[in-house]
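J.: Next comes data.cif, mmCIF, C-alpha atoms:
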data_coords
loop_
_atom_site.label_atom_id
_atom_site.label_comp_id
_atom_site.auth_asym_id
_atom_site.auth_seq_id
_atom_site.Cartn_x
_atom_site.Cartn_y
_atom_site.Cartn_z
CA MET N 1 106.48 -176.87 5.56
CA MET N 2 107.21 -177.33 1.88
CA SER N 3 110.68 -176.31 0.68
CA CYS N 4 111.18 -173.45 -1.77
CA LYS N 5 112.54 -175.81 -4.41
CA ARG N 6 109.49 -178.04 -4.11
CA ALA N 7 107.23 -174.98 -4.26
CA THR N 8 108.84 -173.91 -7.55
CA GLU N 9 108.27 -177.43 -8.94
CA GLN N 10 104.60 -177.18 -8.07
CA MET N 11 104.16 -173.68 -9.48
CA SER N 12 105.75 -174.83 -12.71
CA GLN N 13 103.56 -177.92 -12.88
CA LYS N 14 100.50 -175.76 -12.25
CA LEU N 15 101.11 -174.11 -15.64
CA ASP N 16 100.81 -177.49 -17.35
CA ALA N 17 98.20 -179.43 -15.37
CA PRO N 18 95.80 -178.72 -12.52
CA LEU N 19 97.18 -179.49 -9.06
CA SER N 20 95.36 -181.78 -6.64
CA LEU N 21 93.51 -180.11 -3.78
CA LEU N 22 96.22 -181.14 -1.34
CA GLU N 23 98.97 -179.79 -3.60
CA LYS N 24 97.11 -176.51 -4.04
CA MET N 25 96.72 -176.13 -0.29
CA SER N 26 100.33 -176.81 0.55
CA LEU N 27 101.59 -174.55 -2.24
CA GLY N 28 99.17 -171.83 -1.14
CA ALA N 29 100.38 -172.10 2.46
CA HIS N 30 104.00 -171.85 1.35
CA LEU N 31 103.35 -168.82 -0.84
CA MET N 32 101.62 -167.00 2.00
CA MET N 33 104.74 -167.38 4.10
CA CYS N 34 107.39 -166.89 1.42
CA GLY N 35 107.78 -163.61 -0.47
CA LYS N 36 110.59 -164.96 -2.63
CA CYS N 37 108.45 -167.81 -3.93
CA SER N 38 105.40 -165.57 -4.45
CA ARG N 39 107.52 -163.31 -6.60
CA CYS N 40 108.87 -166.34 -8.44
CA GLN N 41 105.36 -167.60 -9.09
CA LYS N 42 104.27 -164.24 -10.52
CA GLN N 43 107.30 -164.19 -12.81
CA LEU N 44 106.79 -167.74 -14.07
CA GLU N 45 103.16 -166.93 -14.83
CA GLN N 46 104.34 -163.78 -16.56
CA LEU N 47 106.79 -165.79 -18.65
CA HIS N 48 104.00 -168.19 -19.59
CA ARG N 49 101.72 -165.31 -20.69
CA VAL N 50 104.45 -163.56 -22.65
CA CYS N 51 105.21 -166.80 -24.54
CA GLN N 52 101.55 -167.13 -25.45
CA LYS N 53 101.56 -163.57 -26.74
CA ARG N 54 104.52 -164.38 -28.94
CA SER N 55 102.85 -167.40 -30.49
CA GLU N 56 99.69 -165.36 -31.07
CA THR N 57 101.52 -162.55 -32.82
CA SER N 58 103.77 -164.76 -34.96
CA THR N 59 100.92 -166.73 -36.52
CA MET V 1 130.74 -134.69 -64.47
CA ASN V 2 129.92 -131.27 -63.01
CA ALA V 3 126.45 -131.33 -64.45
CA ALA V 4 125.89 -134.77 -62.98
CA VAL V 5 127.06 -133.64 -59.53
CA ILE V 6 124.77 -130.61 -59.55
CA ASN V 7 122.00 -132.87 -60.63
CA ILE V 8 122.52 -135.27 -57.74
CA GLU V 9 122.58 -132.42 -55.25
CA GLU V 10 119.34 -131.04 -56.56
CA HIS V 11 117.69 -134.41 -56.48
CA PHE V 12 119.09 -135.14 -53.12
CA GLU V 13 117.78 -131.96 -51.55
CA ARG V 14 114.35 -132.83 -52.82
CA VAL V 15 114.39 -136.36 -51.42
CA ARG V 16 116.24 -135.45 -48.24
CA PRO V 17 113.21 -134.67 -46.02
CA ARG V 18 111.66 -138.03 -46.88
CA LEU V 19 114.93 -139.87 -46.25
CA PHE V 20 115.32 -138.10 -42.95
CA ALA V 21 111.75 -138.80 -41.84
CA PHE V 22 112.24 -142.47 -42.68
CA ALA V 23 115.57 -142.75 -40.85
CA ARG V 24 114.21 -140.96 -37.78
CA LEU V 25 111.27 -143.31 -37.63
CA GLN V 26 113.53 -146.34 -37.76
CA LEU V 27 116.21 -145.15 -35.35
CA GLU V 28 114.20 -142.93 -33.01
CA ASP V 29 117.22 -140.67 -32.80
CA GLU V 30 117.28 -137.40 -34.68
CA ALA V 31 121.04 -136.78 -34.72
CA LEU V 32 121.82 -140.34 -35.71
CA ALA V 33 119.17 -140.20 -38.44
CA GLU V 34 120.81 -137.04 -39.79
CA ASP V 35 124.19 -138.84 -39.82
CA LYS V 36 122.75 -141.75 -41.75
CA VAL V 37 121.21 -139.43 -44.34
CA GLN V 38 124.63 -137.73 -44.74
CA ASP V 39 126.31 -141.12 -45.14
CA THR V 40 123.76 -141.95 -47.78
CA LEU V 41 124.57 -138.78 -49.73
CA LEU V 42 128.29 -139.56 -49.57
CA ALA V 43 127.76 -143.13 -50.67
CA ALA V 44 125.55 -141.92 -53.51
CA TYR V 45 128.27 -139.53 -54.73
CA GLU V 46 130.89 -142.22 -54.57
CA SER V 47 128.92 -144.80 -56.44
CA ILE V 48 126.97 -142.59 -58.85
CA GLU V 49 128.33 -144.58 -61.79
CA ARG V 50 126.48 -147.60 -60.44
CA PHE V 51 123.18 -145.79 -60.68
CA ASN V 52 121.99 -147.15 -64.01
CA GLY V 53 118.97 -144.92 -64.39
CA GLN V 54 116.60 -147.84 -64.57
CA SER V 55 115.24 -147.37 -61.07
CA LYS V 56 114.10 -144.00 -59.89
CA PHE V 57 116.81 -141.91 -58.30
CA GLU V 58 114.74 -141.69 -55.13
CA THR V 59 114.32 -145.47 -54.95
CA TRP V 60 118.05 -145.88 -55.37
CA LEU V 61 118.77 -143.44 -52.51
CA PHE V 62 116.28 -145.21 -50.28
CA ALA V 63 117.97 -148.53 -51.01
CA ILE V 64 121.33 -147.08 -49.88
CA LEU V 65 119.75 -145.56 -46.77
CA LYS V 66 118.04 -148.82 -45.88
CA ASN V 67 121.35 -150.67 -45.95
CA LYS V 68 122.87 -148.05 -43.66
CA LEU V 69 119.95 -148.38 -41.26
CA ILE V 70 120.15 -152.16 -41.24
CA ASP V 71 123.85 -151.98 -40.37
CA GLU V 72 123.12 -149.53 -37.59
CA ILE V 73 120.31 -151.61 -36.12
CA ARG V 74 122.44 -154.77 -36.29
CA ARG V 75 125.27 -152.99 -34.54
CA ARG V 76 122.92 -151.89 -31.78
CA THR V 77 121.48 -155.35 -31.21
CA ARG V 78 124.96 -156.84 -31.07
CA GLU V 79 125.96 -154.34 -28.44
CA PHE V 80 122.80 -155.04 -26.57
CA THR V 81 122.77 -158.82 -26.60
CA THR V 82 126.43 -159.47 -26.01
CA ASP V 83 126.81 -157.40 -22.88
CA PHE V 84 125.21 -160.05 -20.73
CA ASP V 85 126.50 -163.55 -20.44
CA ALA V 86 123.86 -166.26 -20.39
CA ASP V 87 126.52 -168.76 -19.30
CA GLN V 88 126.65 -166.97 -15.97
CA VAL V 89 123.08 -167.95 -15.08
CA ALA V 90 122.98 -170.34 -12.12
CA GLU V 91 122.05 -174.01 -12.48
CA ILE V 92 119.04 -175.21 -10.49
CA ASP V 93 121.27 -176.83 -7.87
CA GLU V 94 123.01 -173.51 -7.33
CA MET V 95 119.72 -171.67 -6.81
CA PHE V 96 118.76 -173.63 -3.68
CA ASP V 97 120.75 -174.51 -0.57
CA GLU V 98 120.96 -177.91 1.17
CA ARG V 99 117.58 -177.23 2.81
CA SER V 100 116.14 -176.46 -0.65
CA HIS V 101 115.61 -172.80 0.17
CA TRP V 102 116.68 -169.94 -2.09
CA VAL V 103 120.39 -169.20 -1.91
CA SER V 104 120.79 -165.51 -1.14
CA GLY V 105 121.66 -163.67 -4.36
CA GLN V 106 119.63 -166.19 -6.38
CA GLN V 107 116.16 -165.29 -5.16
CA PRO V 108 113.91 -163.55 -7.69
CA GLN V 109 114.44 -159.81 -7.96
CA LYS V 110 111.92 -157.13 -8.78
CA TRP V 111 111.25 -156.89 -12.52
CA VAL V 112 110.91 -153.54 -14.26
CA GLN V 113 107.62 -153.11 -16.13
CA PRO V 114 107.31 -156.77 -17.05
CA GLU V 115 103.96 -156.89 -18.84
CA SER V 116 104.86 -154.98 -21.98
CA SER V 117 108.17 -156.72 -22.61
CA TYR V 118 106.85 -158.91 -25.40
CA LEU V 119 106.39 -155.80 -27.53
CA HIS V 120 110.13 -155.24 -27.69
CA GLU V 121 112.08 -157.02 -30.35
CA GLN V 122 115.17 -156.87 -28.14
CA PHE V 123 113.34 -158.74 -25.40
CA TRP V 124 112.91 -161.67 -27.76
CA GLN V 125 116.56 -161.54 -28.74
CA VAL V 126 117.52 -161.90 -25.08
CA PHE V 127 114.85 -164.57 -24.69
CA ASP V 128 116.23 -166.58 -27.61
CA VAL V 129 119.75 -166.39 -26.19
CA CYS V 130 118.35 -167.74 -22.91
CA VAL V 131 116.55 -170.65 -24.59
CA PHE V 132 119.63 -171.36 -26.69
CA HIS V 133 121.68 -171.80 -23.53
CA LEU V 134 119.46 -174.55 -22.17
CA PRO V 135 120.50 -178.15 -22.75
CA LYS V 136 119.15 -179.23 -26.14
CA GLY V 137 116.45 -181.61 -24.89
CA THR V 138 115.24 -179.13 -22.29
CA ALA V 139 115.10 -176.35 -24.89
CA ARG V 140 113.05 -178.58 -27.20
CA VAL V 141 110.53 -179.46 -24.48
CA PHE V 142 110.26 -175.83 -23.39
CA THR V 143 109.75 -174.57 -26.95
CA MET V 144 107.08 -177.17 -27.70
CA ARG V 145 105.21 -176.45 -24.51
CA GLU V 146 105.53 -172.66 -24.19
CA LEU V 147 106.01 -171.35 -27.69
CA LEU V 148 104.00 -173.86 -29.66
CA GLY V 149 101.42 -174.29 -26.92
CA ILE V 150 101.43 -178.11 -27.10
CA ASP V 151 100.10 -179.74 -23.93
CA THR V 152 102.43 -181.89 -21.86
CA GLU V 153 100.76 -185.21 -22.75
CA GLU V 154 101.40 -184.61 -26.41
CA VAL V 155 104.97 -183.52 -25.69
CA CYS V 156 105.47 -186.81 -23.77
CA ASP V 157 104.05 -188.87 -26.61
CA SER V 158 105.98 -187.23 -29.39
CA LEU V 159 109.32 -187.35 -27.56
CA GLY V 160 108.77 -190.67 -25.76
CA LEU V 161 109.28 -189.11 -22.32
CA SER V 162 107.41 -189.74 -19.08
CA GLN V 163 105.10 -187.08 -17.65
CA GLN V 164 107.37 -186.65 -14.63
CA ASN V 165 110.36 -186.29 -16.91
CA VAL V 166 108.71 -183.51 -18.90
CA TRP V 167 107.60 -181.69 -15.75
CA THR V 168 111.14 -181.84 -14.39
CA MET V 169 112.54 -180.47 -17.64
CA LEU V 170 109.97 -177.66 -17.77
CA HIS V 171 110.69 -176.75 -14.15
CA ARG V 172 114.41 -176.50 -14.89
CA ALA V 173 113.83 -174.60 -18.12
CA ARG V 174 111.49 -172.07 -16.52
CA LEU V 175 113.72 -171.35 -13.55
CA LYS V 176 116.78 -170.98 -15.74
CA ILE V 177 115.01 -168.74 -18.22
CA ARG V 178 113.60 -166.71 -15.35
CA GLY V 179 117.12 -166.16 -14.04
CA CYS V 180 118.49 -165.50 -17.50
CA LEU V 181 115.84 -162.90 -18.38
CA GLU V 182 116.39 -161.24 -15.04
CA ARG V 183 120.07 -160.92 -15.89
CA GLY V 184 119.64 -159.98 -19.53
CA TRP V 185 116.47 -157.93 -19.49
CA TYR V 186 114.23 -157.38 -16.48
CA GLY V 187 116.97 -156.46 -14.05
CA ARG V 188 118.30 -153.74 -16.35
CA GLU V 189 116.86 -150.60 -14.87
CA GLU V 190 118.26 -148.41 -17.60
CA ILE V 191 115.87 -149.87 -20.14
CA GLU V 192 112.83 -147.69 -20.61
CA LEU V 193 109.78 -149.80 -21.20
#
Can you turn what I pasted into structure tokens?
T.:
Amino acid sequence: MMSCKRATEQMSQKLDAPLSLLEKMSLGAHLMMCGKCSRCQKQLEQLHRVCQKRSETST
Amino acid sequence: MNAAVINIEEHFERVRPRLFAFARLQLEDEALAEDKVQDTLLAAYESIERFNGQSKFETWLFAILKNKLIDEIRRRTREFTTDFDADQVAEIDEMFDERSHWVSGQQPQKWVQPESSYLHEQFWQVFDVCVFHLPKGTARVFTMRELLGIDTEEVCDSLGLSQQNVWTMLHRARLKIRGCLERGWYGREEIEL
């Protein structure tokens, strides 16, 4: 089982580049088991979206 | 002098509703807006000799009011942004235990109404404080990637960093900013969003 720290590395990387199939599967398995990391993933995605909104509105 | 004073009062009463409407719109607080309009009247009395008659009396009053509003808004943002300490946000190594699981107390908490946060100017003030507290290099990579929307390859090229290096920095930046926003913004239940 992947560690939480590793899972957060992968969910961060996912915002920058597509994960390999194997990476996706192991991250997905971890997230199904771990509520803390699922919440973290949602918040990192949220942060990413909010940043995009800021660059859209400031240009 | 008396004639001038009467004149100001007359003018002021005419402009007052517009001043008040403007102040209320800016401050979203009726009583405070009323205070600021009163302050403006006082300031106008005290500095009437500086009104040179070249601008319209109304424009001059609005200029005084605007300065009062700016001071008020600055005071509010100072109060708001300084009552959380971005230095208190945990480092990555403090977020995870020796088995690389979340340390209790560091795991992500529920965020209040997160989607609309970008609409609030104060959110971005907290956000900027959070980015400012990152190590310089990490802040630069994060800003290029997230705020300028530059893809990681280009970030690597322009800063001469490896892909892995940039991913590591982004991971650290995101987790720290997540924790910092939670402390400074999302965890604050008293904020109405």
J.: Starting from the displayed file, determine the output of the PyMOL selection byres ((chain N) within 9 of (chain V)) and express the residue list as a list in words.
T.: Ser3, Cys4, Lys5, Arg6, Thr8, Glu9, Gln10, Met11, Ser12, Gln13, Asp16, Ala17, Lys36, Cys37, Arg39, Cys40, Gln43, Leu44, Gln46, Leu47, His48, Arg49, Val50, Cys51, Gln52, Lys53, Arg54 and Ser55 of chain N
J.: Counting all atoms listed in the file, select every polymer residue within 12 Å of (98.8, -175.2, -5.0) as defined in the file's coordinates, and provide the selection as a list in words.
T.: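 Result, sorted by chain then residue number: Met2, Arg6, Ala7, Thr8, Glu9, Gln10, Met11, Ser12, Gln13, Lys14, Leu15, Ala17, Pro18, Leu19, Ser20, Leu21, Leu22, Glu23, Lys24, Met25, Ser26, Leu27, Gly28, Ala29, His30, Leu31, Met32, Ser38 and Gln41 of chain N.
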J.: With all atoms listed in the file as the atoms that count, which of V:Val15, V:Leu32, V:Ile73, V:Ala139 lies nearest to Trp60 (chain V)?
T.: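 Between V:Val15, V:Leu32, V:Ile73, V:Ala139, the residue approaching Trp60 (chain V) most closely is V:Val15.
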J.: Rounded to one decimal, what separation in Å do you get between CA of Lys136 (chain V) and CA of Gly187 (chain V)?
T.: 25.9 Å
J.: Looking at V:Lys36, V:Arg140, V:His133, V:Arg14, which one is nearest to Ala90 (chain V), with distances taken over all atoms listed in the file?
T.: V:His133
